[in-house]
Amino acid sequence: MNIVEPIGLSEQHDNKEPWYLPTGQEVEVFEQCHARQLAVLLKGPTGCGKTRFVEYMAWRLGRPLITIACHDDLTASDLIGRFLVRHDGTQWQDGPLTRALREGAICYLDEVVEARQDTIVVLHPLADHRRTLPIDKTGETVAAAEGFQLVVSYNPGYQRMLKDLKPSTRQRFVGLDFDFPPLDQEVQIVSQEGGVDYANAHALVSLAVRLRALRDRGLAEVPSTRLLIAAARLIDSGIDPKLACQTAIVAPLSDDPTLGSAMRDLVDAMF
Ligand code: ADP
């Protein structure tokens with residue numbers, strides 16, 4: 001069950017195994033990080049499997065997962081908690097980070113670089129040996145329950161010039177590099193998640209390999225595994241493959257007419 005709340009929060013509590021295809025030694029490394037209470041930074045382009053990996057690891061380790069989608073309006077209070085005014089006075093309400101600490105959950109902050117510096121700083125004592133969260137407003141210092149782990153993700157290519165993580169933040173984390181999976185594995189993922197046969201999945205991934213090469217010609221965002229799965233699902237629903245690629249891959253990636261026509265040529269050559 002996933003509960004989504006207004007600040008971009010979701011929680012995973014059920015026992016259904018999320019399907020995840022490992023692409024390297026990320027599962028063993030993460031397990032050791034969890035056992036050794038190390039905070040983890042997942043680096044990689046959007047849509048390459050970081051969130052699915054965390055969902056899978058939380059299931060595998062038997063921990064609840066609290067996911068927070070970061071954005072630039074996210075405040076420290078959104079994470080820690082706040083006093084709510086009620087008819088009979090005020091009452092403290094834990095934020096998702098404090099709840100994760102008390103429950104021994106895995107707390108996953110997606111796209112952490114989007115959050116403001118004064119919000120990110122709150123994570124520092126949780127990402128090093130202290131594993132505590134001082135709450136100024138109540139005077140309480142919450143110690144992390146066994147099993148608590150901090151995991152953050154970020155996309156190094158995206159807005160690199162505008163936003164980056166400070167060295168004082170980065171150096172508190174173990175970094176796991178993610179990228180689009182090798183061809184055979186990406187075909188397996190697109191086929192499994194998109195519901196298409198091997199031939200269609202292979203054609204979609206081969207198209208993506210060519211489109212990703214357009215990065216050198218100015219394509220800022222290249223097609224992710226997620227976009228390929230969207231195209232596969234349209235094909236599975238009976239939409240013509242060329243139209244599926246146009247709507248699910250070409251249109252979301254660029255508004256530039258030259259790049260759009262170069263991408264359409266590649267689609268025509270592939271299907
Ligand atoms: P990110 O968090 O990196 O933006 P996601 O984890 O949401 O990306 O990945 C997008 C989709 O791609 C997932 O919902 C899943 O369907 C699929 N996916 C990507 N990599 C894998 C993988 N290794 N195993 C299983 N599914 C994957």
# chains A, B, ... in the order shown; residues from 1 in each chain; ligands from 1
>>> closest_atom_pairs(of="chain A", to="ligand 1", cutoff="10 Å", atoms="only C-alpha atoms and all ligand atoms", output="CSV")
residue,atom,partner,partner_atom_place_in_ligand_line,distance
A:Pro18,CA,ligand 1,25 (C),8.1
A:Trp19,CA,ligand 1,25 (C),5.5
A:Tyr20,CA,ligand 1,24 (N),3.5
A:Leu21,CA,ligand 1,24 (N),3.8
A:Pro22,CA,ligand 1,23 (N),5.3
A:Thr23,CA,ligand 1,23 (N),6.1
A:Gly24,CA,ligand 1,23 (N),9.4
A:Leu42,CA,ligand 1,3 (O),8.7
A:Lys43,CA,ligand 1,3 (O),8.6
A:Gly44,CA,ligand 1,3 (O),6.6
A:Pro45,CA,ligand 1,3 (O),6.2
A:Thr46,CA,ligand 1,4 (O),3.9
A:Gly47,CA,ligand 1,8 (O),3.3
A:Cys48,CA,ligand 1,3 (O),4.0
A:Gly49,CA,ligand 1,6 (O),3.1
A:Lys50,CA,ligand 1,3 (O),3.8
A:Thr51,CA,ligand 1,6 (O),3.6
A:Arg52,CA,ligand 1,6 (O),3.8
A:Phe53,CA,ligand 1,6 (O),6.3
A:Val54,CA,ligand 1,6 (O),8.0
A:Glu55,CA,ligand 1,6 (O),8.4
A:Tyr56,CA,ligand 1,24 (N),9.0
A:Asp110,CA,ligand 1,2 (O),7.5
A:Glu111,CA,ligand 1,4 (O),8.8
A:Ser153,CA,ligand 1,2 (O),7.8
A:Tyr154,CA,ligand 1,3 (O),8.7
A:Asn155,CA,ligand 1,3 (O),8.4
A:Phe178,CA,ligand 1,3 (O),7.9
A:Asp179,CA,ligand 1,3 (O),8.4
A:Phe180,CA,ligand 1,20 (N),7.4
A:Pro181,CA,ligand 1,23 (N),6.9
A:Pro182,CA,ligand 1,23 (N),9.9
A:Gln185,CA,ligand 1,23 (N),7.7
A:Glu186,CA,ligand 1,20 (N),7.4
A:Gln188,CA,ligand 1,25 (C),8.7
A:Ile189,CA,ligand 1,26 (N),5.5
A:Val190,CA,ligand 1,17 (C),7.4
A:Gln192,CA,ligand 1,26 (N),8.2
A:Glu193,CA,ligand 1,16 (O),5.4
A:Gly194,CA,ligand 1,16 (O),7.9
A:Ser224,CA,ligand 1,10 (C),7.6
A:Thr225,CA,ligand 1,12 (O),5.1
A:Arg226,CA,ligand 1,10 (C),4.3
A:Leu227,CA,ligand 1,10 (C),8.0
A:Leu228,CA,ligand 1,12 (O),8.4
A:Ile229,CA,ligand 1,16 (O),6.8
A:Ala230,CA,ligand 1,11 (C),9.2
>>> select_by_dssp(residues="segment 38-190 of chain A", states="helix (DSSP H, G or I)", output="mmCIF file with C-alpha atoms, in the first residue's frame")
data_model
loop_
_atom_site.group_PDB
_atom_site.id
_atom_site.type_symbol
_atom_site.label_atom_id
_atom_site.label_comp_id
_atom_site.auth_asym_id
_atom_site.auth_seq_id
_atom_site.Cartn_x
_atom_site.Cartn_y
_atom_site.Cartn_z
ATOM 1 C CA LYS A 50 16.837 4.108 -8.046
ATOM 2 C CA THR A 51 13.395 4.272 -6.427
ATOM 3 C CA ARG A 52 12.539 0.702 -7.400
ATOM 4 C CA PHE A 53 15.850 -0.398 -5.883
ATOM 5 C CA VAL A 54 15.070 1.271 -2.535
ATOM 6 C CA GLU A 55 11.559 -0.244 -2.529
ATOM 7 C CA TYR A 56 13.091 -3.651 -3.147
ATOM 8 C CA MET A 57 15.767 -3.238 -0.458
ATOM 9 C CA ALA A 58 13.203 -2.087 2.125
ATOM 10 C CA TRP A 59 11.154 -5.199 1.363
ATOM 11 C CA ARG A 60 14.248 -7.432 1.461
ATOM 12 C CA LEU A 61 15.410 -5.993 4.783
ATOM 13 C CA ALA A 76 12.927 21.587 8.047
ATOM 14 C CA SER A 77 9.551 21.540 9.850
ATOM 15 C CA ASP A 78 8.021 19.527 7.011
ATOM 16 C CA LEU A 79 10.617 16.853 7.779
ATOM 17 C CA ILE A 80 10.845 17.113 11.576
ATOM 18 C CA PRO A 96 8.070 11.918 8.301
ATOM 19 C CA LEU A 97 11.767 12.036 9.182
ATOM 20 C CA THR A 98 11.094 11.882 12.938
ATOM 21 C CA ARG A 99 8.596 9.075 12.374
ATOM 22 C CA ALA A 100 11.158 7.125 10.358
ATOM 23 C CA LEU A 101 13.654 7.509 13.228
ATOM 24 C CA ARG A 102 11.211 6.256 15.832
ATOM 25 C CA GLU A 103 9.946 3.367 13.655
ATOM 26 C CA VAL A 112 17.558 15.713 -2.349
ATOM 27 C CA VAL A 113 19.387 18.458 -4.247
ATOM 28 C CA GLU A 114 16.015 20.122 -4.856
ATOM 29 C CA GLN A 117 20.374 24.024 2.173
ATOM 30 C CA ASP A 118 18.785 24.821 5.547
ATOM 31 C CA THR A 119 16.546 21.765 5.087
ATOM 32 C CA ILE A 120 19.389 19.483 3.983
ATOM 33 C CA VAL A 121 21.483 20.471 7.020
ATOM 34 C CA VAL A 122 18.902 18.794 9.261
ATOM 35 C CA LEU A 123 20.076 15.464 7.830
ATOM 36 C CA HIS A 124 23.701 15.890 8.901
ATOM 37 C CA PRO A 125 23.519 14.467 12.441
ATOM 38 C CA LEU A 126 21.509 11.530 11.076
ATOM 39 C CA PRO A 167 30.902 18.546 0.223
ATOM 40 C CA SER A 168 29.935 18.627 3.924
ATOM 41 C CA THR A 169 26.728 16.789 2.963
ATOM 42 C CA ARG A 170 28.196 14.413 0.362
ATOM 43 C CA LEU A 183 21.133 -3.655 -23.104
ATOM 44 C CA ASP A 184 20.096 -7.240 -22.286
ATOM 45 C CA GLN A 185 18.923 -6.311 -18.813
ATOM 46 C CA GLU A 186 17.074 -3.215 -19.978
ATOM 47 C CA VAL A 187 15.266 -5.367 -22.586
ATOM 48 C CA GLN A 188 14.226 -7.756 -19.801
ATOM 49 C CA ILE A 189 12.980 -4.848 -17.642
ATOM 50 C CA VAL A 190 11.012 -3.191 -20.484
#
>>> atom_distance(atom1="atom CA of Ala105 of chain A", atom2="atom CA of Gln149 of chain A")
6.6 Å
>>> atom_distance(atom1="atom CA of His71 of chain A", atom2="atom CA of Thr132 of chain A")
23.7 Å
>>> residues_around(residues="Gln246 of chain A", least_positions_apart="4", cutoff="8 Å", atoms="only C-alpha atoms", output="PyMOL selection string")
chain A and resi 242+250-251+264+267
>>> closest_residue(among="A:Lys163, A:Trp92, A:Lys137, A:Ser10", to="Asp72 of chain A", atoms="only C-alpha atoms")
A:Lys163
>>> closest_residue(among="A:Arg82, A:Arg210, A:Arg172, A:Arg131", to="Glu146 of chain A", atoms="only C-alpha atoms")
A:Arg131
>>> closest_residue(among="A:Gly81, A:Gly104, A:Pro241, A:Gly175", to="Asp136 of chain A", atoms="only C-alpha atoms")
A:Gly81
>>> closest_residue(among="A:Asp236, A:Asp255, A:His34, A:Met270", to="Ala220 of chain A", atoms="only C-alpha atoms")
A:Asp255
>>> atom_distance(atom1="atom CA of Thr138 of chain A", atom2="atom CA of Leu38 of chain A")
27.3 Å
>>> residues_around(residues="Ala201 of chain A", least_positions_apart="3", cutoff="7 Å", atoms="only C-alpha atoms", output="ChimeraX atom specification")
/A:187,190-191,196-198,204-205
>>> closest_residue(among="A:Leu211, A:Ala69, A:Ala127, A:Ala145", to="Phe173 of chain A", atoms="only C-alpha atoms")
A:Ala127
>>> closest_residue(among="A:Gly157, A:Gly89, A:Pro64, A:Pro257", to="Tyr108 of chain A", atoms="only C-alpha atoms")
A:Pro64
>>> select_by_dssp(residues="segment 7-203 of chain A", states="strand (DSSP E)", output="PyMOL selection string")
chain A and resi 9-12+40-43+65-69+81-86+89-94+106-110+132-135+140-143+149-154+174-177
>>> write_last_selection(atoms="C-alpha atoms", output="mmCIF file, in the first residue's frame")
data_model
loop_
_atom_site.group_PDB
_atom_site.id
_atom_site.type_symbol
_atom_site.label_atom_id
_atom_site.label_comp_id
_atom_site.auth_asym_id
_atom_site.auth_seq_id
_atom_site.Cartn_x
_atom_site.Cartn_y
_atom_site.Cartn_z
ATOM 1 C CA LEU A 9 5.339 11.732 0.991
ATOM 2 C CA SER A 10 4.629 8.066 0.413
ATOM 3 C CA GLU A 11 4.858 5.057 2.673
ATOM 4 C CA GLN A 12 5.330 1.404 1.821
ATOM 5 C CA VAL A 40 23.536 5.944 1.244
ATOM 6 C CA LEU A 41 23.538 8.350 -1.695
ATOM 7 C CA LEU A 42 22.110 6.929 -4.953
ATOM 8 C CA LYS A 43 23.471 8.829 -7.936
ATOM 9 C CA LEU A 65 9.887 2.713 3.767
ATOM 10 C CA ILE A 66 9.051 6.411 4.021
ATOM 11 C CA THR A 67 9.694 8.297 0.772
ATOM 12 C CA ILE A 68 9.854 12.090 0.577
ATOM 13 C CA ALA A 69 9.977 13.804 -2.825
ATOM 14 C CA GLY A 81 7.311 18.044 12.626
ATOM 15 C CA ARG A 82 5.339 20.952 14.012
ATOM 16 C CA PHE A 83 2.871 22.019 16.700
ATOM 17 C CA LEU A 84 -0.687 21.817 15.434
ATOM 18 C CA VAL A 85 -3.269 24.179 16.868
ATOM 19 C CA ARG A 86 -6.340 22.340 18.169
ATOM 20 C CA GLY A 89 -4.440 23.735 22.789
ATOM 21 C CA THR A 90 -1.482 22.736 20.685
ATOM 22 C CA GLN A 91 -0.219 19.268 19.951
ATOM 23 C CA TRP A 92 3.118 18.165 18.534
ATOM 24 C CA GLN A 93 2.980 16.115 15.361
ATOM 25 C CA ASP A 94 6.047 14.230 14.143
ATOM 26 C CA ILE A 106 14.271 3.468 5.750
ATOM 27 C CA CYS A 107 13.806 7.163 4.965
ATOM 28 C CA TYR A 108 14.306 7.910 1.275
ATOM 29 C CA LEU A 109 14.659 11.530 0.170
ATOM 30 C CA ASP A 110 14.238 11.553 -3.594
ATOM 31 C CA THR A 132 20.183 11.585 16.494
ATOM 32 C CA LEU A 133 17.778 14.378 15.651
ATOM 33 C CA PRO A 134 17.552 17.347 18.001
ATOM 34 C CA ILE A 135 14.070 18.902 17.921
ATOM 35 C CA GLU A 140 13.692 16.424 22.651
ATOM 36 C CA THR A 141 16.601 14.623 21.017
ATOM 37 C CA VAL A 142 15.317 11.605 19.117
ATOM 38 C CA ALA A 143 17.762 8.722 18.737
ATOM 39 C CA GLN A 149 18.597 4.243 7.504
ATOM 40 C CA LEU A 150 18.877 7.438 5.564
ATOM 41 C CA VAL A 151 18.933 7.119 1.767
ATOM 42 C CA VAL A 152 19.004 10.043 -0.650
ATOM 43 C CA SER A 153 19.037 10.185 -4.434
ATOM 44 C CA TYR A 154 20.216 12.746 -6.884
ATOM 45 C CA VAL A 174 28.326 6.120 0.815
ATOM 46 C CA GLY A 175 27.710 6.688 -2.912
ATOM 47 C CA LEU A 176 26.163 4.059 -5.191
ATOM 48 C CA ASP A 177 26.348 4.865 -8.904
#
>>> decode(residues="segment 104-257 of chain A", atoms="C-alpha atoms", output="tab-separated table (two decimals), in the first residue's frame")
chain	number	residue	atom	x	y	z
A	104	GLY	CA	13.38	2.25	12.46
A	105	ALA	CA	12.26	2.82	8.87
A	106	ILE	CA	14.27	3.47	5.75
A	107	CYS	CA	13.81	7.16	4.97
A	108	TYR	CA	14.31	7.91	1.28
A	109	LEU	CA	14.66	11.53	0.17
A	110	ASP	CA	14.24	11.55	-3.59
A	111	GLU	CA	16.07	14.31	-5.54
A	112	VAL	CA	17.56	15.71	-2.35
A	113	VAL	CA	19.39	18.46	-4.25
A	114	GLU	CA	16.01	20.12	-4.86
A	115	ALA	CA	15.66	20.86	-1.13
A	116	ARG	CA	17.03	24.08	0.35
A	117	GLN	CA	20.37	24.02	2.17
A	118	ASP	CA	18.79	24.82	5.55
A	119	THR	CA	16.55	21.77	5.09
A	120	ILE	CA	19.39	19.48	3.98
A	121	VAL	CA	21.48	20.47	7.02
A	122	VAL	CA	18.90	18.79	9.26
A	123	LEU	CA	20.08	15.46	7.83
A	124	HIS	CA	23.70	15.89	8.90
A	125	PRO	CA	23.52	14.47	12.44
A	126	LEU	CA	21.51	11.53	11.08
A	127	ALA	CA	24.00	10.72	8.38
A	128	ASP	CA	27.02	10.38	10.66
A	129	HIS	CA	27.82	8.44	13.83
A	130	ARG	CA	25.42	10.53	15.96
A	131	ARG	CA	22.20	9.13	14.45
A	132	THR	CA	20.18	11.59	16.49
A	133	LEU	CA	17.78	14.38	15.65
A	134	PRO	CA	17.55	17.35	18.00
A	135	ILE	CA	14.07	18.90	17.92
A	136	ASP	CA	14.49	22.51	19.06
A	137	LYS	CA	10.76	23.15	19.35
A	138	THR	CA	10.17	20.40	21.93
A	139	GLY	CA	13.66	20.16	23.45
A	140	GLU	CA	13.69	16.42	22.65
A	141	THR	CA	16.60	14.62	21.02
A	142	VAL	CA	15.32	11.60	19.12
A	143	ALA	CA	17.76	8.72	18.74
A	144	ALA	CA	17.40	6.50	15.68
A	145	ALA	CA	15.72	3.17	16.41
A	146	GLU	CA	17.47	0.05	15.16
A	147	GLY	CA	16.94	-0.37	11.42
A	148	PHE	CA	16.68	3.35	10.65
A	149	GLN	CA	18.60	4.24	7.50
A	150	LEU	CA	18.88	7.44	5.56
A	151	VAL	CA	18.93	7.12	1.77
A	152	VAL	CA	19.00	10.04	-0.65
A	153	SER	CA	19.04	10.18	-4.43
A	154	TYR	CA	20.22	12.75	-6.88
A	155	ASN	CA	20.74	13.15	-10.59
A	156	PRO	CA	24.25	14.56	-11.15
A	157	GLY	CA	23.52	15.73	-14.71
A	158	TYR	CA	20.41	17.67	-13.88
A	159	GLN	CA	20.83	21.40	-13.10
A	160	ARG	CA	24.43	20.68	-12.11
A	161	MET	CA	25.46	24.25	-12.65
A	162	LEU	CA	22.61	25.61	-10.55
A	163	LYS	CA	22.40	23.15	-7.70
A	164	ASP	CA	24.76	20.66	-6.17
A	165	LEU	CA	25.23	18.95	-2.86
A	166	LYS	CA	27.76	20.58	-0.55
A	167	PRO	CA	30.90	18.55	0.22
A	168	SER	CA	29.94	18.63	3.92
A	169	THR	CA	26.73	16.79	2.96
A	170	ARG	CA	28.20	14.41	0.36
A	171	GLN	CA	30.95	13.24	2.65
A	172	ARG	CA	28.46	11.80	5.11
A	173	PHE	CA	27.17	9.28	2.57
A	174	VAL	CA	28.33	6.12	0.81
A	175	GLY	CA	27.71	6.69	-2.91
A	176	LEU	CA	26.16	4.06	-5.19
A	177	ASP	CA	26.35	4.87	-8.90
A	178	PHE	CA	23.34	4.03	-11.05
A	179	ASP	CA	22.97	4.25	-14.81
A	180	PHE	CA	20.70	2.81	-17.48
A	181	PRO	CA	21.07	-0.98	-17.34
A	182	PRO	CA	23.14	-2.88	-19.93
A	183	LEU	CA	21.13	-3.66	-23.10
A	184	ASP	CA	20.10	-7.24	-22.29
A	185	GLN	CA	18.92	-6.31	-18.81
A	186	GLU	CA	17.07	-3.21	-19.98
A	187	VAL	CA	15.27	-5.37	-22.59
A	188	GLN	CA	14.23	-7.76	-19.80
A	189	ILE	CA	12.98	-4.85	-17.64
A	190	VAL	CA	11.01	-3.19	-20.48
A	191	SER	CA	9.47	-6.52	-21.44
A	192	GLN	CA	8.53	-7.41	-17.85
A	193	GLU	CA	7.27	-3.98	-16.78
A	194	GLY	CA	5.79	-2.88	-20.11
A	195	GLY	CA	4.09	-6.16	-21.02
A	196	VAL	CA	5.63	-6.46	-24.51
A	197	ASP	CA	7.43	-9.37	-26.16
A	198	TYR	CA	11.20	-9.63	-26.52
A	199	ALA	CA	11.24	-8.25	-30.11
A	200	ASN	CA	9.37	-5.06	-29.20
A	201	ALA	CA	11.35	-4.58	-25.99
A	202	HIS	CA	14.60	-5.05	-27.90
A	203	ALA	CA	13.52	-2.50	-30.55
A	204	LEU	CA	12.61	0.05	-27.85
A	205	VAL	CA	15.93	-0.33	-26.02
A	206	SER	CA	17.91	-0.19	-29.29
A	207	LEU	CA	16.04	3.01	-30.13
A	208	ALA	CA	16.92	4.38	-26.69
A	209	VAL	CA	20.61	3.60	-27.21
A	210	ARG	CA	20.56	5.70	-30.40
A	211	LEU	CA	18.53	8.50	-28.84
A	212	ARG	CA	20.89	8.63	-25.86
A	213	ALA	CA	23.72	9.30	-28.31
A	214	LEU	CA	21.89	12.52	-29.30
A	215	ARG	CA	23.03	14.01	-26.00
A	216	ASP	CA	26.10	15.19	-27.95
A	217	ARG	CA	23.77	17.01	-30.37
A	218	GLY	CA	22.04	18.94	-27.62
A	219	LEU	CA	19.37	16.58	-26.26
A	220	ALA	CA	19.43	17.63	-22.59
A	221	GLU	CA	17.29	14.80	-21.21
A	222	VAL	CA	17.76	11.38	-22.79
A	223	PRO	CA	15.09	8.63	-22.70
A	224	SER	CA	14.96	6.80	-19.39
A	225	THR	CA	13.95	3.20	-18.77
A	226	ARG	CA	10.71	4.69	-17.39
A	227	LEU	CA	9.86	6.31	-20.77
A	228	LEU	CA	10.57	3.04	-22.59
A	229	ILE	CA	8.19	1.25	-20.24
A	230	ALA	CA	5.51	3.87	-20.97
A	231	ALA	CA	5.94	3.31	-24.72
A	232	ALA	CA	5.85	-0.47	-24.18
A	233	ARG	CA	2.59	-0.19	-22.25
A	234	LEU	CA	0.99	1.79	-25.10
A	235	ILE	CA	2.15	-0.88	-27.57
A	236	ASP	CA	0.72	-3.54	-25.27
A	237	SER	CA	-2.60	-1.65	-25.35
A	238	GLY	CA	-2.68	-1.93	-29.14
A	239	ILE	CA	-1.27	1.50	-30.10
A	240	ASP	CA	0.89	1.46	-33.23
A	241	PRO	CA	4.57	1.26	-32.12
A	242	LYS	CA	5.60	4.41	-34.05
A	243	LEU	CA	2.81	6.42	-32.46
A	244	ALA	CA	3.63	4.93	-29.06
A	245	CYS	CA	7.26	6.05	-29.42
A	246	GLN	CA	6.24	9.51	-30.64
A	247	THR	CA	3.90	10.13	-27.71
A	248	ALA	CA	5.77	8.36	-24.90
A	249	ILE	CA	9.38	9.07	-25.89
A	250	VAL	CA	9.84	11.85	-28.50
A	251	ALA	CA	7.23	14.36	-27.27
A	252	PRO	CA	8.27	14.39	-23.58
A	253	LEU	CA	11.98	14.77	-24.37
A	254	SER	CA	12.23	17.90	-26.48
A	255	ASP	CA	10.26	20.80	-27.96
A	256	ASP	CA	13.05	21.58	-30.42
A	257	PRO	CA	11.79	20.92	-34.00
